[in-house]
file coords31.csv (CSV, N, CA, C and O atoms)
chain,number,residue,atom,x,y,z
A,123,ASP,N,44.8,141.3,114.5
A,123,ASP,CA,44.5,141.5,115.9
A,123,ASP,C,43.0,141.3,116.2
A,123,ASP,O,42.2,141.8,115.4
A,124,ASP,N,42.8,140.6,117.3
A,124,ASP,CA,41.4,140.3,117.6
A,124,ASP,C,40.5,141.6,117.9
A,124,ASP,O,39.4,141.6,117.6
A,125,ALA,N,41.1,142.6,118.5
A,125,ALA,CA,40.4,143.8,118.8
A,125,ALA,C,39.9,144.5,117.5
A,125,ALA,O,38.8,145.0,117.5
A,126,ILE,N,40.7,144.4,116.5
A,126,ILE,CA,40.3,145.0,115.2
A,126,ILE,C,39.2,144.2,114.6
A,126,ILE,O,38.2,144.7,114.0
A,127,LYS,N,39.3,142.9,114.6
A,127,LYS,CA,38.3,142.0,114.1
A,127,LYS,C,37.0,142.2,114.8
A,127,LYS,O,35.9,142.3,114.1
A,128,ILE,N,37.0,142.4,116.1
A,128,ILE,CA,35.8,142.6,116.8
A,128,ILE,C,35.1,143.9,116.4
A,128,ILE,O,33.9,144.0,116.2
A,129,ALA,N,35.9,144.9,116.3
A,129,ALA,CA,35.4,146.3,115.9
A,129,ALA,C,34.8,146.2,114.5
A,129,ALA,O,33.7,146.8,114.3
A,130,LEU,N,35.5,145.5,113.6
A,130,LEU,CA,35.0,145.4,112.2
A,130,LEU,C,33.7,144.6,112.2
A,130,LEU,O,32.8,145.0,111.4
A,131,LEU,N,33.6,143.6,112.9
A,131,LEU,CA,32.4,142.7,112.9
A,131,LEU,C,31.2,143.5,113.5
A,131,LEU,O,30.1,143.4,113.0
A,132,LYS,N,31.5,144.3,114.5
A,132,LYS,CA,30.4,145.1,115.1
A,132,LYS,C,30.0,146.2,114.1
A,132,LYS,O,28.8,146.5,114.0
A,133,ASP,N,31.0,146.8,113.4
A,133,ASP,CA,30.6,147.8,112.3
A,133,ASP,C,29.8,147.1,111.2
A,133,ASP,O,28.9,147.7,110.7
A,134,LEU,N,30.2,145.9,110.9
A,134,LEU,CA,29.4,145.2,109.8
A,134,LEU,C,28.0,145.0,110.3
A,134,LEU,O,27.1,145.2,109.5
A,135,ALA,N,27.8,144.6,111.5
A,135,ALA,CA,26.4,144.4,112.0
A,135,ALA,C,25.6,145.7,111.9
A,135,ALA,O,24.5,145.7,111.5
A,136,THR,N,26.3,146.8,112.3
A,136,THR,CA,25.6,148.1,112.3
A,136,THR,C,25.2,148.5,110.8
A,136,THR,O,24.1,148.9,110.5
A,137,ASN,N,26.2,148.3,109.9
A,137,ASN,CA,25.9,148.6,108.5
A,137,ASN,C,24.9,147.7,107.9
A,137,ASN,O,24.1,148.2,107.1
A,138,VAL,N,24.9,146.4,108.2
A,138,VAL,CA,23.8,145.5,107.7
A,138,VAL,C,22.5,146.0,108.2
A,138,VAL,O,21.5,146.0,107.4
A,139,LYS,N,22.4,146.4,109.4
A,139,LYS,CA,21.1,146.8,110.0
A,139,LYS,C,20.6,148.1,109.3
A,139,LYS,O,19.4,148.3,109.0
A,140,ALA,N,21.6,149.0,108.9
A,140,ALA,CA,21.2,150.2,108.2
A,140,ALA,C,21.0,150.1,106.7
A,140,ALA,O,20.1,150.7,106.2
A,141,ASN,N,21.7,149.2,106.1
A,141,ASN,CA,21.7,149.1,104.6
A,141,ASN,C,21.2,147.8,104.0
A,141,ASN,O,21.1,147.7,102.8
A,142,GLY,N,21.0,146.8,104.9
A,142,GLY,CA,20.6,145.5,104.4
A,142,GLY,C,21.7,144.6,104.1
A,142,GLY,O,22.9,145.1,104.1
A,143,ASN,N,21.5,143.4,103.7
A,143,ASN,CA,22.5,142.4,103.4
A,143,ASN,C,23.0,142.6,102.0
A,143,ASN,O,22.3,142.4,101.1
A,144,LEU,N,24.2,143.1,101.9
A,144,LEU,CA,24.9,143.3,100.6
A,144,LEU,C,26.0,142.3,100.4
A,144,LEU,O,26.8,142.4,99.5
A,145,LEU,N,26.1,141.3,101.3
A,145,LEU,CA,27.2,140.3,101.2
A,145,LEU,C,26.8,139.2,100.2
A,145,LEU,O,25.7,138.8,100.0
A,146,ASP,N,27.9,138.7,99.5
A,146,ASP,CA,27.6,137.6,98.6
A,146,ASP,C,27.7,136.3,99.4
A,146,ASP,O,28.1,136.3,100.6
A,147,ALA,N,27.4,135.2,98.8
A,147,ALA,CA,27.4,133.9,99.5
A,147,ALA,C,28.7,133.5,100.1
A,147,ALA,O,28.8,132.9,101.1
A,148,THR,N,29.8,133.8,99.4
A,148,THR,CA,31.2,133.5,99.9
A,148,THR,C,31.4,134.3,101.2
A,148,THR,O,32.0,133.7,102.1
A,149,GLN,N,31.1,135.5,101.2
A,149,GLN,CA,31.3,136.4,102.4
A,149,GLN,C,30.4,135.9,103.6
A,149,GLN,O,30.9,135.8,104.7
A,150,VAL,N,29.2,135.5,103.3
A,150,VAL,CA,28.3,135.0,104.3
A,150,VAL,C,28.9,133.7,104.9
A,150,VAL,O,28.9,133.5,106.1
A,151,GLU,N,29.4,132.8,104.0
A,151,GLU,CA,30.0,131.6,104.5
A,151,GLU,C,31.3,131.8,105.3
A,151,GLU,O,31.5,131.1,106.3
A,152,ALA,N,32.1,132.8,104.9
A,152,ALA,CA,33.2,133.2,105.7
A,152,ALA,C,32.8,133.7,107.1
A,152,ALA,O,33.4,133.3,108.1
A,153,LEU,N,31.8,134.5,107.2
A,153,LEU,CA,31.3,135.0,108.4
A,153,LEU,C,30.7,133.8,109.3
A,153,LEU,O,31.0,133.7,110.5
A,154,ARG,N,30.0,132.9,108.7
A,154,ARG,CA,29.5,131.7,109.4
A,154,ARG,C,30.7,130.9,109.9
A,154,ARG,O,30.6,130.4,111.0
A,155,GLY,N,31.7,130.8,109.2
A,155,GLY,CA,32.9,130.1,109.6
A,155,GLY,C,33.5,130.7,110.8
A,155,GLY,O,34.0,130.0,111.8
A,156,ALA,N,33.6,132.0,110.9
A,156,ALA,CA,34.1,132.7,112.0
A,156,ALA,C,33.2,132.5,113.3
A,156,ALA,O,33.7,132.3,114.4
A,157,VAL,N,31.9,132.4,113.1
A,157,VAL,CA,31.0,132.1,114.2
A,157,VAL,C,31.3,130.7,114.7
A,157,VAL,O,31.3,130.5,115.9
A,158,ASP,N,31.6,129.8,113.9
A,158,ASP,CA,31.8,128.4,114.2
A,158,ASP,C,33.2,128.1,114.8
A,158,ASP,O,33.3,127.3,115.6
A,159,THR,N,34.2,128.8,114.2
A,159,THR,CA,35.6,128.3,114.5
A,159,THR,C,36.6,129.3,115.1
A,159,THR,O,37.7,129.0,115.5
A,160,ALA,N,36.2,130.6,115.3
A,160,ALA,CA,37.1,131.6,115.8
A,160,ALA,C,37.5,131.2,117.2
A,160,ALA,O,36.7,130.7,118.0
A,161,LYS,N,38.8,131.3,117.5
A,161,LYS,CA,39.4,130.9,118.8
A,161,LYS,C,39.0,131.8,119.9
A,161,LYS,O,38.8,131.4,121.0
A,162,ASN,N,38.9,133.1,119.6
A,162,ASN,CA,38.6,134.1,120.6
A,162,ASN,C,37.1,134.2,120.7
A,162,ASN,O,36.4,134.5,119.7
A,163,LEU,N,36.6,134.0,121.9
A,163,LEU,CA,35.1,134.1,122.1
A,163,LEU,C,34.5,135.4,121.7
A,163,LEU,O,33.4,135.4,121.2
A,164,ASP,N,35.2,136.5,122.0
A,164,ASP,CA,34.7,137.8,121.6
A,164,ASP,C,34.6,138.0,120.1
A,164,ASP,O,33.6,138.6,119.6
A,165,VAL,N,35.5,137.4,119.3
A,165,VAL,CA,35.4,137.4,117.9
A,165,VAL,C,34.2,136.6,117.4
A,165,VAL,O,33.4,137.0,116.6
A,166,ARG,N,34.0,135.4,118.1
A,166,ARG,CA,32.8,134.6,117.7
A,166,ARG,C,31.5,135.3,118.0
A,166,ARG,O,30.6,135.3,117.2
A,167,VAL,N,31.5,136.1,119.1
A,167,VAL,CA,30.3,136.8,119.5
A,167,VAL,C,30.0,137.9,118.4
A,167,VAL,O,28.9,138.1,118.0
A,168,GLY,N,31.1,138.6,118.1
A,168,GLY,CA,31.0,139.7,117.1
A,168,GLY,C,30.5,139.1,115.7
A,168,GLY,O,29.7,139.7,115.0
A,169,ALA,N,31.1,138.0,115.3
A,169,ALA,CA,30.7,137.4,114.1
A,169,ALA,C,29.2,136.9,114.2
A,169,ALA,O,28.4,137.0,113.2
A,170,ALA,N,28.8,136.4,115.3
A,170,ALA,CA,27.4,135.9,115.5
A,170,ALA,C,26.5,137.1,115.4
A,170,ALA,O,25.4,137.0,114.8
A,171,GLU,N,26.9,138.2,116.0
A,171,GLU,CA,26.0,139.4,115.9
A,171,GLU,C,25.9,139.9,114.5
A,171,GLU,O,24.8,140.2,114.0
A,172,ALA,N,27.0,139.9,113.7
A,172,ALA,CA,26.9,140.3,112.3
A,172,ALA,C,26.1,139.3,111.5
A,172,ALA,O,25.2,139.7,110.7
A,173,HIS,N,26.3,138.0,111.8
A,173,HIS,CA,25.5,137.0,111.1
A,173,HIS,C,24.0,137.1,111.4
A,173,HIS,O,23.2,137.0,110.5
A,174,GLY,N,23.7,137.4,112.6
A,174,GLY,CA,22.3,137.6,113.0
A,174,GLY,C,21.6,138.8,112.3
A,174,GLY,O,20.4,138.8,112.0
A,175,ALA,N,22.4,139.9,112.1
A,175,ALA,CA,21.9,141.1,111.5
A,175,ALA,C,21.6,140.8,110.0
A,175,ALA,O,20.8,141.6,109.4
A,176,LEU,N,22.1,139.8,109.4
A,176,LEU,CA,21.9,139.5,108.0
A,176,LEU,C,20.4,139.1,107.7
A,176,LEU,O,20.0,139.1,106.5
A,177,ASN,N,19.7,138.6,108.7
A,177,ASN,CA,18.3,138.1,108.5
A,177,ASN,C,18.3,137.1,107.4
A,177,ASN,O,17.5,137.1,106.5
A,178,LEU,N,19.1,136.1,107.6
A,178,LEU,CA,19.2,135.0,106.6
A,178,LEU,C,18.0,134.0,106.8
A,178,LEU,O,17.4,134.0,107.9
A,179,PRO,N,17.7,133.2,105.8
A,179,PRO,CA,16.6,132.2,106.0
A,179,PRO,C,16.9,131.3,107.2
A,179,PRO,O,18.0,131.1,107.5
A,180,PRO,N,15.8,130.8,107.8
A,180,PRO,CA,16.0,130.0,109.0
A,180,PRO,C,16.9,128.8,108.8
A,180,PRO,O,17.5,128.3,109.8
A,181,GLU,N,17.0,128.2,107.6
A,181,GLU,CA,17.8,127.1,107.4
A,181,GLU,C,19.3,127.4,107.7
A,181,GLU,O,20.0,126.5,108.3
A,182,HIS,N,19.7,128.6,107.4
A,182,HIS,CA,21.1,129.0,107.7
A,182,HIS,C,21.4,129.0,109.2
A,182,HIS,O,22.4,128.5,109.7
A,183,VAL,N,20.5,129.6,109.9
A,183,VAL,CA,20.6,129.7,111.4
A,183,VAL,C,20.5,128.3,112.0
A,183,VAL,O,21.2,128.0,112.9
A,184,LYS,N,19.5,127.5,111.6
A,184,LYS,CA,19.3,126.2,112.1
A,184,LYS,C,20.6,125.4,112.0
A,184,LYS,O,21.0,124.7,113.0
A,185,ALA,N,21.2,125.4,110.8
A,185,ALA,CA,22.4,124.6,110.6
A,185,ALA,C,23.5,125.1,111.6
A,185,ALA,O,24.3,124.3,112.1
A,186,LEU,N,23.6,126.4,111.8
A,186,LEU,CA,24.7,126.9,112.6
A,186,LEU,C,24.4,126.5,114.1
A,186,LEU,O,25.3,126.1,114.8
A,187,ILE,N,23.2,126.6,114.5
A,187,ILE,CA,22.8,126.2,115.9
A,187,ILE,C,23.1,124.7,116.1
A,187,ILE,O,23.7,124.3,117.1
A,188,LEU,N,22.8,123.9,115.2
A,188,LEU,CA,23.0,122.5,115.3
A,188,LEU,C,24.5,122.1,115.3
A,188,LEU,O,24.9,121.2,116.0
A,189,GLN,N,25.3,122.9,114.6
A,189,GLN,CA,26.7,122.6,114.5
A,189,GLN,C,27.4,123.0,115.8
A,189,GLN,O,28.3,122.4,116.3
A,190,THR,N,26.9,124.1,116.5
A,190,THR,CA,27.6,124.6,117.7
A,190,THR,C,27.0,124.1,119.0
A,190,THR,O,27.5,124.5,120.0
A,191,ALA,N,25.9,123.4,118.9
A,191,ALA,CA,25.2,122.9,120.1
A,191,ALA,C,26.1,121.9,120.9
A,191,ALA,O,26.8,121.1,120.2
A,192,PRO,N,26.2,122.0,122.2
A,192,PRO,CA,27.0,121.0,122.9
A,192,PRO,C,26.4,119.6,122.8
A,192,PRO,O,25.2,119.5,122.6
A,193,LYS,N,27.3,118.7,122.8
A,193,LYS,CA,26.9,117.3,122.6
A,193,LYS,C,27.1,116.5,123.8
A,193,LYS,O,27.8,116.7,124.7
call {"tool": "encode", "arguments": {"input": "coords31.csv", "output": "structure tokens"}}
result
Amino acid sequence: DDAIKIALLKDLATNVKANGNLLDATQVEALRGAVDTAKNLDVRVGAAEAHGALNLPPEHVKALILQTAPK
């Protein structure tokens, strides 16, 4: 259910802010995939919020921005 996904993604963002990035590369990539491909816009926003909280190197964010930029 999308409402549960949104709540979990927001909780993930909160936990990352409090405890730091404890995700492995596979989990980060799955989160990035949700930002890029989730059908529900609110899920994409929640995933983007959690992704932003990770404080990843700029290369990760740059690639994501370039992939999702309108053409």
call {"tool": "closest_residue", "arguments": {"input": "coords31.csv", "among": "A:Gly168, A:Gly142, A:Gly155, A:Pro179", "to": "Ala129 in chain A", "atoms": "only N, CA, C and O atoms"}}
result
A:Gly168
call {"tool": "closest_residue", "arguments": {"input": "coords31.csv", "among": "A:Gly174, A:Ala147, A:Asp133, A:Asp124", "to": "Asn162 in chain A", "atoms": "all atoms listed in the file"}}
result
A:Asp124
call {"tool": "select_by_dssp", "arguments": {"input": "coords31.csv", "residues": "chain A", "states": "alpha helix (DSSP H)", "output": "number ranges by chain"}}
result
A: 124-141, 147-159, 163-175, 180-190
call {"tool": "atom_distance", "arguments": {"input": "coords31.csv", "atom1": "CA of Leu144 in chain A", "atom2": "atom N of Pro180 in chain A"}}
result
17.1 Å
call {"tool": "atom_distance", "arguments": {"input": "coords31.csv", "atom1": "CA of Asn143 in chain A", "atom2": "CA of Ala175 in chain A"}}
result
8.2 Å
call {"tool": "atom_distance", "arguments": {"input": "coords31.csv", "atom1": "CA of Leu131 in chain A", "atom2": "CA of Leu153 in chain A"}}
result
9.0 Å
call {"tool": "residues_around", "arguments": {"input": "coords31.csv", "residues": "Ala156 in chain A", "least_positions_apart": "2", "cutoff": "8 Å", "atoms": "only C-alpha atoms", "output": "ChimeraX atom specification"}}
result
/A:152-154,158-160,165-166,169
call {"tool": "closest_residue", "arguments": {"input": "coords31.csv", "among": "A:Val138, A:Glu151, A:Lys132, A:Ile126", "to": "Asn177 in chain A", "atoms": "only C-alpha atoms"}}
result
A:Val138
call {"tool": "decode", "arguments": {"input": "coords31.csv", "residues": "range 166-179 of chain A", "atoms": "all heavy atoms", "output": "PDB file, in the first residue's frame"}}
result
ATOM      1  N   ARG A 166       7.424   8.801  -4.548  1.00  0.00           N
ATOM      2  CA  ARG A 166       8.671   9.354  -5.109  1.00  0.00           C
ATOM      3  C   ARG A 166       9.216  10.465  -4.221  1.00  0.00           C
ATOM      4  O   ARG A 166      10.420  10.554  -3.985  1.00  0.00           O
ATOM      5  CB  ARG A 166       8.442   9.881  -6.518  1.00  0.00           C
ATOM      6  CG  ARG A 166       8.183   8.774  -7.521  1.00  0.00           C
ATOM      7  CD  ARG A 166       7.911   9.313  -8.884  1.00  0.00           C
ATOM      8  NE  ARG A 166       9.193   9.636  -9.507  1.00  0.00           N
ATOM      9  CZ  ARG A 166       9.326   9.959 -10.770  1.00  0.00           C
ATOM     10  NH1 ARG A 166       8.277  10.028 -11.546  1.00  0.00           N
ATOM     11  NH2 ARG A 166      10.515  10.237 -11.253  1.00  0.00           N
ATOM     12  N   VAL A 167       8.322  11.329  -3.720  1.00  0.00           N
ATOM     13  CA  VAL A 167       8.753  12.424  -2.850  1.00  0.00           C
ATOM     14  C   VAL A 167       9.321  11.866  -1.550  1.00  0.00           C
ATOM     15  O   VAL A 167      10.367  12.319  -1.070  1.00  0.00           O
ATOM     16  CB  VAL A 167       7.586  13.400  -2.584  1.00  0.00           C
ATOM     17  CG1 VAL A 167       7.934  14.387  -1.484  1.00  0.00           C
ATOM     18  CG2 VAL A 167       7.219  14.133  -3.858  1.00  0.00           C
ATOM     19  N   GLY A 168       8.659  10.871  -0.963  1.00  0.00           N
ATOM     20  CA  GLY A 168       9.165  10.250   0.266  1.00  0.00           C
ATOM     21  C   GLY A 168      10.519   9.594   0.051  1.00  0.00           C
ATOM     22  O   GLY A 168      11.420   9.702   0.886  1.00  0.00           O
ATOM     23  N   ALA A 169      10.660   8.915  -1.087  1.00  0.00           N
ATOM     24  CA  ALA A 169      11.945   8.284  -1.407  1.00  0.00           C
ATOM     25  C   ALA A 169      13.025   9.337  -1.618  1.00  0.00           C
ATOM     26  O   ALA A 169      14.168   9.173  -1.181  1.00  0.00           O
ATOM     27  CB  ALA A 169      11.804   7.403  -2.646  1.00  0.00           C
ATOM     28  N   ALA A 170      12.671  10.436  -2.266  1.00  0.00           N
ATOM     29  CA  ALA A 170      13.634  11.516  -2.489  1.00  0.00           C
ATOM     30  C   ALA A 170      14.048  12.150  -1.163  1.00  0.00           C
ATOM     31  O   ALA A 170      15.217  12.494  -0.974  1.00  0.00           O
ATOM     32  CB  ALA A 170      13.039  12.570  -3.416  1.00  0.00           C
ATOM     33  N   GLU A 171      13.100  12.302  -0.259  1.00  0.00           N
ATOM     34  CA  GLU A 171      13.430  12.850   1.057  1.00  0.00           C
ATOM     35  C   GLU A 171      14.401  11.939   1.801  1.00  0.00           C
ATOM     36  O   GLU A 171      15.394  12.397   2.373  1.00  0.00           O
ATOM     37  CB  GLU A 171      12.147  13.027   1.872  1.00  0.00           C
ATOM     38  CG  GLU A 171      12.364  13.623   3.242  1.00  0.00           C
ATOM     39  CD  GLU A 171      11.087  13.777   4.037  1.00  0.00           C
ATOM     40  OE1 GLU A 171       9.994  13.709   3.459  1.00  0.00           O
ATOM     41  OE2 GLU A 171      11.195  13.965   5.263  1.00  0.00           O
ATOM     42  N   ALA A 172      14.127  10.640   1.780  1.00  0.00           N
ATOM     43  CA  ALA A 172      15.022   9.684   2.436  1.00  0.00           C
ATOM     44  C   ALA A 172      16.383   9.668   1.745  1.00  0.00           C
ATOM     45  O   ALA A 172      17.423   9.640   2.410  1.00  0.00           O
ATOM     46  CB  ALA A 172      14.400   8.289   2.426  1.00  0.00           C
ATOM     47  N   HIS A 173      16.390   9.703   0.423  1.00  0.00           N
ATOM     48  CA  HIS A 173      17.649   9.715  -0.334  1.00  0.00           C
ATOM     49  C   HIS A 173      18.462  10.958   0.010  1.00  0.00           C
ATOM     50  O   HIS A 173      19.674  10.887   0.201  1.00  0.00           O
ATOM     51  CB  HIS A 173      17.339   9.657  -1.829  1.00  0.00           C
ATOM     52  CG  HIS A 173      18.532   9.446  -2.689  1.00  0.00           C
ATOM     53  ND1 HIS A 173      19.318  10.486  -3.119  1.00  0.00           N
ATOM     54  CD2 HIS A 173      19.081   8.317  -3.192  1.00  0.00           C
ATOM     55  CE1 HIS A 173      20.297  10.011  -3.861  1.00  0.00           C
ATOM     56  NE2 HIS A 173      20.179   8.693  -3.924  1.00  0.00           N
ATOM     57  N   GLY A 174      17.795  12.101   0.105  1.00  0.00           N
ATOM     58  CA  GLY A 174      18.490  13.338   0.453  1.00  0.00           C
ATOM     59  C   GLY A 174      19.084  13.306   1.847  1.00  0.00           C
ATOM     60  O   GLY A 174      20.143  13.882   2.092  1.00  0.00           O
ATOM     61  N   ALA A 175      18.409  12.634   2.769  1.00  0.00           N
ATOM     62  CA  ALA A 175      18.902  12.548   4.146  1.00  0.00           C
ATOM     63  C   ALA A 175      20.184  11.728   4.254  1.00  0.00           C
ATOM     64  O   ALA A 175      20.932  11.863   5.220  1.00  0.00           O
ATOM     65  CB  ALA A 175      17.824  11.942   5.049  1.00  0.00           C
ATOM     66  N   LEU A 176      20.455  10.900   3.250  1.00  0.00           N
ATOM     67  CA  LEU A 176      21.645  10.039   3.292  1.00  0.00           C
ATOM     68  C   LEU A 176      22.948  10.812   3.164  1.00  0.00           C
ATOM     69  O   LEU A 176      24.014  10.276   3.490  1.00  0.00           O
ATOM     70  CB  LEU A 176      21.567   8.979   2.186  1.00  0.00           C
ATOM     71  CG  LEU A 176      20.429   7.972   2.305  1.00  0.00           C
ATOM     72  CD1 LEU A 176      20.392   7.085   1.066  1.00  0.00           C
ATOM     73  CD2 LEU A 176      20.572   7.135   3.567  1.00  0.00           C
ATOM     74  N   ASN A 177      22.886  12.039   2.658  1.00  0.00           N
ATOM     75  CA  ASN A 177      24.098  12.841   2.443  1.00  0.00           C
ATOM     76  C   ASN A 177      25.132  12.090   1.615  1.00  0.00           C
ATOM     77  O   ASN A 177      26.297  11.985   1.988  1.00  0.00           O
ATOM     78  CB  ASN A 177      24.705  13.299   3.768  1.00  0.00           C
ATOM     79  CG  ASN A 177      23.909  14.398   4.395  1.00  0.00           C
ATOM     80  OD1 ASN A 177      23.350  15.240   3.708  1.00  0.00           O
ATOM     81  ND2 ASN A 177      23.828  14.393   5.713  1.00  0.00           N
ATOM     82  N   LEU A 178      24.695  11.581   0.481  1.00  0.00           N
ATOM     83  CA  LEU A 178      25.580  10.848  -0.417  1.00  0.00           C
ATOM     84  C   LEU A 178      26.493  11.812  -1.157  1.00  0.00           C
ATOM     85  O   LEU A 178      26.209  13.011  -1.237  1.00  0.00           O
ATOM     86  CB  LEU A 178      24.739  10.047  -1.414  1.00  0.00           C
ATOM     87  CG  LEU A 178      23.872   8.959  -0.784  1.00  0.00           C
ATOM     88  CD1 LEU A 178      22.931   8.378  -1.839  1.00  0.00           C
ATOM     89  CD2 LEU A 178      24.713   7.872  -0.163  1.00  0.00           C
ATOM     90  N   PRO A 179      27.592  11.296  -1.719  1.00  0.00           N
ATOM     91  CA  PRO A 179      28.477  12.158  -2.499  1.00  0.00           C
ATOM     92  C   PRO A 179      27.710  12.820  -3.650  1.00  0.00           C
ATOM     93  O   PRO A 179      26.736  12.267  -4.159  1.00  0.00           O
ATOM     94  CB  PRO A 179      29.537  11.192  -3.042  1.00  0.00           C
ATOM     95  CG  PRO A 179      29.485  10.011  -2.148  1.00  0.00           C
ATOM     96  CD  PRO A 179      28.074   9.925  -1.647  1.00  0.00           C
TER      97      PRO A 179
END
